[in-house]
Each structure stands twice: as structure tokens, then as C-alpha cells.
Amino acid sequence: MKERGGPVRAPRTRVQRRPVHGVLLLDKPLGLSSNDALQKAKWLLRAEKAGHTGTLDPLATGVLPLCFGAATKFSQLHLDADKTYETTVRLGVTTTTADAEGEVLRERPVACTPGQVVEVLDRFMGPIAQVPPMHSALKKDGKALYAYARQGQTVERAARHVVIHDLDLLDMQLQGDAPALRLRVRCSKGTYIRTLGEDIAEALGCGGHLTALRRVVTGPFDIAQCVTLDALIAMAEPEREALMLPTQALLADHAAVTLAAEDAGRFLSGLRRRGTWPDAERVAVFGAEPAALLGTAHAKAGELIPSRLLSPPEIQQILESQP
């Protein structure tokens with residue numbers, strides 16, 4: 001008798017997860033969501049716990065710090081960091097999403113001069129107000145704006161105040177079939193580069209949309225430090241582990257305080273410590289023996305007040321993983 005049913009499938013191999021602590025700097029590829037990139041890296045490292053420090057659009061590439069284990073406790077701190085992007089703004093064509101994924105809304109001739117481009121860019125330097133795009137993850141009444149946009153709805157959005165620290169013109173092509181500007185932008189948190197590009201193009205009288213976006217710096221992390229997903233896949237596990245930065249890499253802007261054994265133990269219990277520390281909003285606290293990150297705190301009036309603490313098992317796992 002002929003057997004029925006499909007082909008016999010080999011059983012799926014279950015990945016044995018393990019505690020992994022630290023930061024991996026990924027060069028996120030085009031077309032992949034930040035969460036998909038995170039899950040692939042988490043699988044490759046067999047990590048138990050992972051998170052990222054703020055998303056990049058699928059159409060954006062570049063620096064995406066991925067946090068593992070104890071580092072996830074401090075990932076929110078990095079959301080406040082300044083970012084630097086390189087982007088290409090196609091002039092003369094506006095789209096529904098302000099990028100190349102959207103449908104064309106309008107086409108206009110590009111009649112601006114190089115002098116007008118420089119003058120307009122100067123206008124966008126410093127503090128500016130931006131209306132968040134409808135195609136964004138920002139929420140209104142508990143629902144992401146892009147969900148409204150997909151239903152053809154436009155909702156009221158309050159303008160947000162951001163700061164453009166630097167706006168450099170890398171290249172300019174005002175003639176031909178695809179006039180465009182290439183820009184390098186250093187900006188505060190919460191800046192929408194798609195909106196910035198669209199607003200600049202509108203100020204030039206021709207409109208425009210983004211065709212490329214690459215994050216090259218976020219906080220203390222530079223694109224030159226990053227590894228691509230393809231390179232990570234090709235590596236053996238020890239090579240992947242060697243790329244991990246310690247958790248304290250997220251705390252580069254924190255003052256450092258080191259505590260002796262007794263004070264370290266009490267601090268880890270959540271107790272305030274008294275000392276001669278100057279007032280500081282952000283403090284990274286370390287133990288002396290063994291030398292290890294204990295957590296973060298703030299110092300005020302001679303007291304060290306705990307904020308986020310590592311657990312004793314996390315500290316022990318980090319110490320055991322060090323060569």
C-alpha cells in the first residue's frame with residue numbers, strides 16, 4: 001500500500017541558550033527591521049536575553065547597537081544620544097511616505113541654484129520644530145501613526161522640538177534626470193531625517209524624498225566599529241564573542257566610582273553609600289575586588305544613590321566569561 005502524507009521532516013535542532021552580556025555593534029542591512037536584525041544576532045550568539053537601543057527603519061542602514069544580558073538594563077540610556085546620518089534627498093518628486101517606498105504624489109521642476117541650497121540648509125541649523133510623519137512608529141491614542149496611515153487616515157500631530165547640530169552638504173546635483181542632495185546630519189534624539197529631507201526640499205520649491213539613509217554615528221559608537229550580519233554569520237562562535245563590547249561601553253558619559261568590597265555589597269543591596277563624591281547625574285559604579293561593573297547611580301550631597309543594578313549572578317557570569 002502506498003503511504004500517504006508529505007516527506008518526512010528532520011527534527012528541528014533546538015538552540016541551547018546561554019547567558020551573554022555586552023554590546024554588539026551591528027551594521028544593519030537594508031530591508032531588514034531592527035528587531036529582525038536583533039533576533040538573527042541573538043540566535044547566532046545563542047543569547048538568552050537581548051534588546052536594542054532604538055530602531056532604524058528597514059530602508060535605513062548603519063550603526064545599530066545590540067544589547068545582551070546585563071546590557072539591556074542600560075539600553076534606554078542610549079536613546080538620548082546624538083546621532084549622525086548620511087542621506088540622499090531626491091529633488092523634484094514628493095511621495096506619500098517621504099521615502100522611496102511611497103507612491104508619487106507630485107513632480108515639480110528643480111529650479112534652485114547652489115546658492116539657494118546653501119541658504120536653505122543654513123535655515124535648518126540649530127533648534128527646529130518638526131511635525132512627525134504619518135508613516136512612523138510614534139503612537140497616537142495607543143496606536144502607531146503608520147497604522148492610521150495604512151487606513152488612509154491623517155491625524156493631528158504636535159510639532160516636536162529637535163536640534164540640528166551640523167548639516168553638511170556632501171554632494172549636489174541640480175541638473176539631469178535625478179537631481180539630488182547628499183547630506184550629513186548630526187542631530188539630537190527624536191529627529192526624523194525623512195521629515196528633515198522633505199522640509200528642505202519643500203523650502204527649495206521643488207519638494208523631494210529620501211532615497212538613502214545611513215546612520216554612521218550614535219553616541220560614542222561609529223560605523224567603523226560595526227560588523228555586518230553577513231560577516232557575523234560567516235564567523236565561528238568564539239569570533240562573534242570577541243566582537244562583544246563590555247556592558248560599561250554604554251556608560252561612556254558616566255562618571256566612574258569604585259567601591260571597596262563592603263560598600264560594594266551594600267550598594268548591590270540597593271543601599272545608599274556616603275562619601276566625598278561630587279554631585280553627578282550619571283555615575284557608573286564598579287567594585288574594586290573583583291573589578292566589575294555593579295550598576296548606575298547618581299551622586300547628590302555626598303550620597304551615592306543606586307539607579308539600575310546588576311544582579312550577583314550577572315556579575316558572576318561576566319567575570320567567568322572574561323579571559
# chains A, B, ... in the order shown; residues from 1 in each chain; ligands from 1
call {"tool": "residues_around", "arguments": {"residues": "A:Leu64", "least_positions_apart": "5", "cutoff": "8 Å", "atoms": "only C-alpha atoms", "output": "PyMOL selection string"}}
result
chain A and resi 25-28+34+52-56
call {"tool": "write_last_selection", "arguments": {"atoms": "N, CA and C atoms", "output": "tab-separated table (two decimals), in the first residue's frame"}}
result
chain	number	residue	atom	x	y	z
A	25	LEU	N	27.99	45.86	18.09
A	25	LEU	CA	27.72	46.96	17.17
A	25	LEU	C	27.49	46.38	15.77
A	26	LEU	N	26.24	46.41	15.34
A	26	LEU	CA	25.86	45.82	14.05
A	26	LEU	C	25.68	46.92	13.01
A	27	ASP	N	26.14	46.64	11.80
A	27	ASP	CA	25.85	47.48	10.64
A	27	ASP	C	24.58	46.91	10.02
A	28	LYS	N	23.43	47.47	10.40
A	28	LYS	CA	22.15	46.90	9.97
A	28	LYS	C	22.01	46.95	8.45
A	34	SER	N	14.86	46.46	12.53
A	34	SER	CA	15.82	46.41	13.64
A	34	SER	C	15.58	45.17	14.49
A	52	HIS	N	17.61	46.28	21.74
A	52	HIS	CA	18.39	47.27	21.01
A	52	HIS	C	18.16	48.66	21.60
A	53	THR	N	18.91	49.62	21.11
A	53	THR	CA	18.89	50.96	21.71
A	53	THR	C	18.14	51.95	20.82
A	54	GLY	N	17.02	51.54	20.27
A	54	GLY	CA	16.28	52.40	19.36
A	54	GLY	C	16.36	51.87	17.94
A	55	THR	N	15.27	51.99	17.21
A	55	THR	CA	15.16	51.33	15.92
A	55	THR	C	15.68	52.17	14.76
A	56	LEU	N	16.01	51.47	13.69
A	56	LEU	CA	16.27	52.07	12.39
A	56	LEU	C	15.19	51.55	11.45
call {"tool": "residues_around", "arguments": {"residues": "A:Leu294", "least_positions_apart": "6", "cutoff": "12 Å", "atoms": "only C-alpha atoms", "output": "MDAnalysis selection string"}}
result
chainID A and resid 70:71 73 247:248 256:261 263:270 283:288 306:316 318:319
call {"tool": "write_last_selection", "arguments": {"atoms": "N, CA and C atoms", "output": "compact mmCIF listing (two decimals), in the first residue's frame"}}
result
# COMPACT_ATOMS: atom_id res chain seq x y z
N ALA A 70 22.98 41.71 30.77
CA ALA A 70 23.02 42.86 31.69
C ALA A 70 22.96 44.19 30.94
N ALA A 71 23.47 44.24 29.73
CA ALA A 71 23.50 45.50 28.97
C ALA A 71 22.09 45.99 28.65
N LYS A 73 19.76 46.41 30.58
CA LYS A 73 19.30 47.30 31.66
C LYS A 73 19.63 48.76 31.40
N THR A 247 29.53 45.70 28.92
CA THR A 247 28.31 46.45 29.21
C THR A 247 28.60 47.93 29.48
N GLN A 248 29.71 48.23 30.15
CA GLN A 248 30.01 49.62 30.50
C GLN A 248 30.31 50.49 29.28
N ALA A 256 32.88 57.72 36.81
CA ALA A 256 33.16 56.39 37.36
C ALA A 256 33.49 56.47 38.84
N VAL A 257 32.89 55.57 39.63
CA VAL A 257 33.16 55.47 41.06
C VAL A 257 33.46 54.00 41.36
N THR A 258 34.51 53.76 42.14
CA THR A 258 34.86 52.39 42.53
C THR A 258 34.69 52.23 44.04
N LEU A 259 34.00 51.17 44.43
CA LEU A 259 33.70 50.91 45.84
C LEU A 259 34.49 49.71 46.36
N ALA A 260 34.93 49.81 47.62
CA ALA A 260 35.57 48.66 48.29
C ALA A 260 34.51 47.59 48.55
N ALA A 261 34.98 46.40 48.92
CA ALA A 261 34.11 45.22 48.99
C ALA A 261 32.86 45.42 49.85
N ASP A 263 31.30 48.24 50.91
CA ASP A 263 30.39 49.22 50.31
C ASP A 263 29.75 48.67 49.03
N ALA A 264 30.53 47.89 48.26
CA ALA A 264 30.00 47.31 47.01
C ALA A 264 28.83 46.38 47.31
N GLY A 265 28.98 45.56 48.34
CA GLY A 265 27.92 44.63 48.72
C GLY A 265 26.66 45.36 49.16
N ARG A 266 26.81 46.41 49.94
CA ARG A 266 25.65 47.18 50.40
C ARG A 266 24.99 47.94 49.24
N PHE A 267 25.84 48.48 48.34
CA PHE A 267 25.30 49.18 47.16
C PHE A 267 24.45 48.22 46.32
N LEU A 268 24.95 46.99 46.13
CA LEU A 268 24.21 46.00 45.34
C LEU A 268 22.90 45.60 46.01
N SER A 269 22.79 45.84 47.31
CA SER A 269 21.54 45.58 48.03
C SER A 269 20.56 46.74 47.90
N GLY A 270 20.98 47.80 47.17
CA GLY A 270 20.11 48.95 46.96
C GLY A 270 20.27 50.05 47.99
N VAL A 283 26.37 58.23 37.08
CA VAL A 283 27.57 57.60 37.67
C VAL A 283 27.56 56.11 37.35
N ALA A 284 28.68 55.60 36.87
CA ALA A 284 28.88 54.16 36.70
C ALA A 284 29.65 53.66 37.91
N VAL A 285 29.11 52.67 38.59
CA VAL A 285 29.70 52.20 39.85
C VAL A 285 30.34 50.83 39.64
N PHE A 286 31.58 50.71 40.10
CA PHE A 286 32.35 49.48 39.96
C PHE A 286 32.76 48.96 41.32
N GLY A 287 32.98 47.67 41.42
CA GLY A 287 33.59 47.07 42.59
C GLY A 287 35.10 47.03 42.41
N ALA A 288 35.84 47.07 43.52
CA ALA A 288 37.31 47.06 43.44
C ALA A 288 37.85 45.64 43.31
N PRO A 306 21.64 54.45 44.28
CA PRO A 306 21.55 53.47 43.20
C PRO A 306 20.41 53.77 42.22
N SER A 307 20.66 53.49 40.92
CA SER A 307 19.63 53.63 39.89
C SER A 307 19.29 52.25 39.31
N ARG A 308 20.18 51.72 38.47
CA ARG A 308 19.99 50.38 37.90
C ARG A 308 21.14 49.49 38.37
N LEU A 309 20.81 48.31 38.89
CA LEU A 309 21.83 47.42 39.46
C LEU A 309 21.92 46.10 38.69
N LEU A 310 23.13 45.59 38.54
CA LEU A 310 23.31 44.24 38.05
C LEU A 310 23.02 43.27 39.20
N SER A 311 22.58 42.08 38.87
CA SER A 311 22.35 41.07 39.90
C SER A 311 23.66 40.34 40.16
N PRO A 312 23.85 39.76 41.36
CA PRO A 312 25.06 38.97 41.63
C PRO A 312 25.31 37.87 40.60
N PRO A 313 24.25 37.12 40.15
CA PRO A 313 24.51 36.11 39.11
C PRO A 313 25.04 36.72 37.82
N GLU A 314 24.53 37.90 37.42
CA GLU A 314 25.02 38.56 36.20
C GLU A 314 26.49 38.93 36.35
N ILE A 315 26.84 39.49 37.51
CA ILE A 315 28.24 39.88 37.75
C ILE A 315 29.13 38.66 37.69
N GLN A 316 28.70 37.56 38.30
CA GLN A 316 29.49 36.34 38.33
C GLN A 316 29.66 35.77 36.91
N ILE A 318 29.61 37.47 34.09
CA ILE A 318 30.52 38.34 33.36
C ILE A 318 31.96 38.05 33.74
N LEU A 319 32.21 37.89 35.03
CA LEU A 319 33.58 37.59 35.50
C LEU A 319 34.07 36.27 34.94
call {"tool": "residues_around", "arguments": {"residues": "stretch 190-204 of chain A", "least_positions_apart": "6", "cutoff": "8 Å", "atoms": "only C-alpha atoms", "output": "VMD selection string"}}
result
chain A and resid 89 91 to 92 94 98 to 99 112 116 to 117 120 to 121 124 130 to 133 162 to 163 210
call {"tool": "closest_residue", "arguments": {"among": "A:Val63, A:Leu30, A:Leu232, A:Met125", "to": "A:Lys42", "atoms": "only C-alpha atoms"}}
result
A:Leu232
call {"tool": "select_by_dssp", "arguments": {"residues": "stretch 35-198 of chain A", "states": "strand (DSSP E or B)", "output": "ChimeraX atom specification"}}
result
/A:47,50-52,60-68,83-91,93-95,99,104-107,126-130,139-140,143-144,160-173,180-187
call {"tool": "residues_around", "arguments": {"residues": "A:Glu237", "least_positions_apart": "2", "cutoff": "8 Å", "atoms": "only C-alpha atoms", "output": "MDAnalysis selection string"}}
result
chainID A and resid 44:45 235 239:241
call {"tool": "atom_distance", "arguments": {"atom1": "atom CA of A:Leu105", "atom2": "atom CA of A:Ala178"}}
result
16.5 Å
call {"tool": "atom_distance", "arguments": {"atom1": "atom CA of A:Leu174", "atom2": "atom CA of A:Glu119"}}
result
15.0 Å
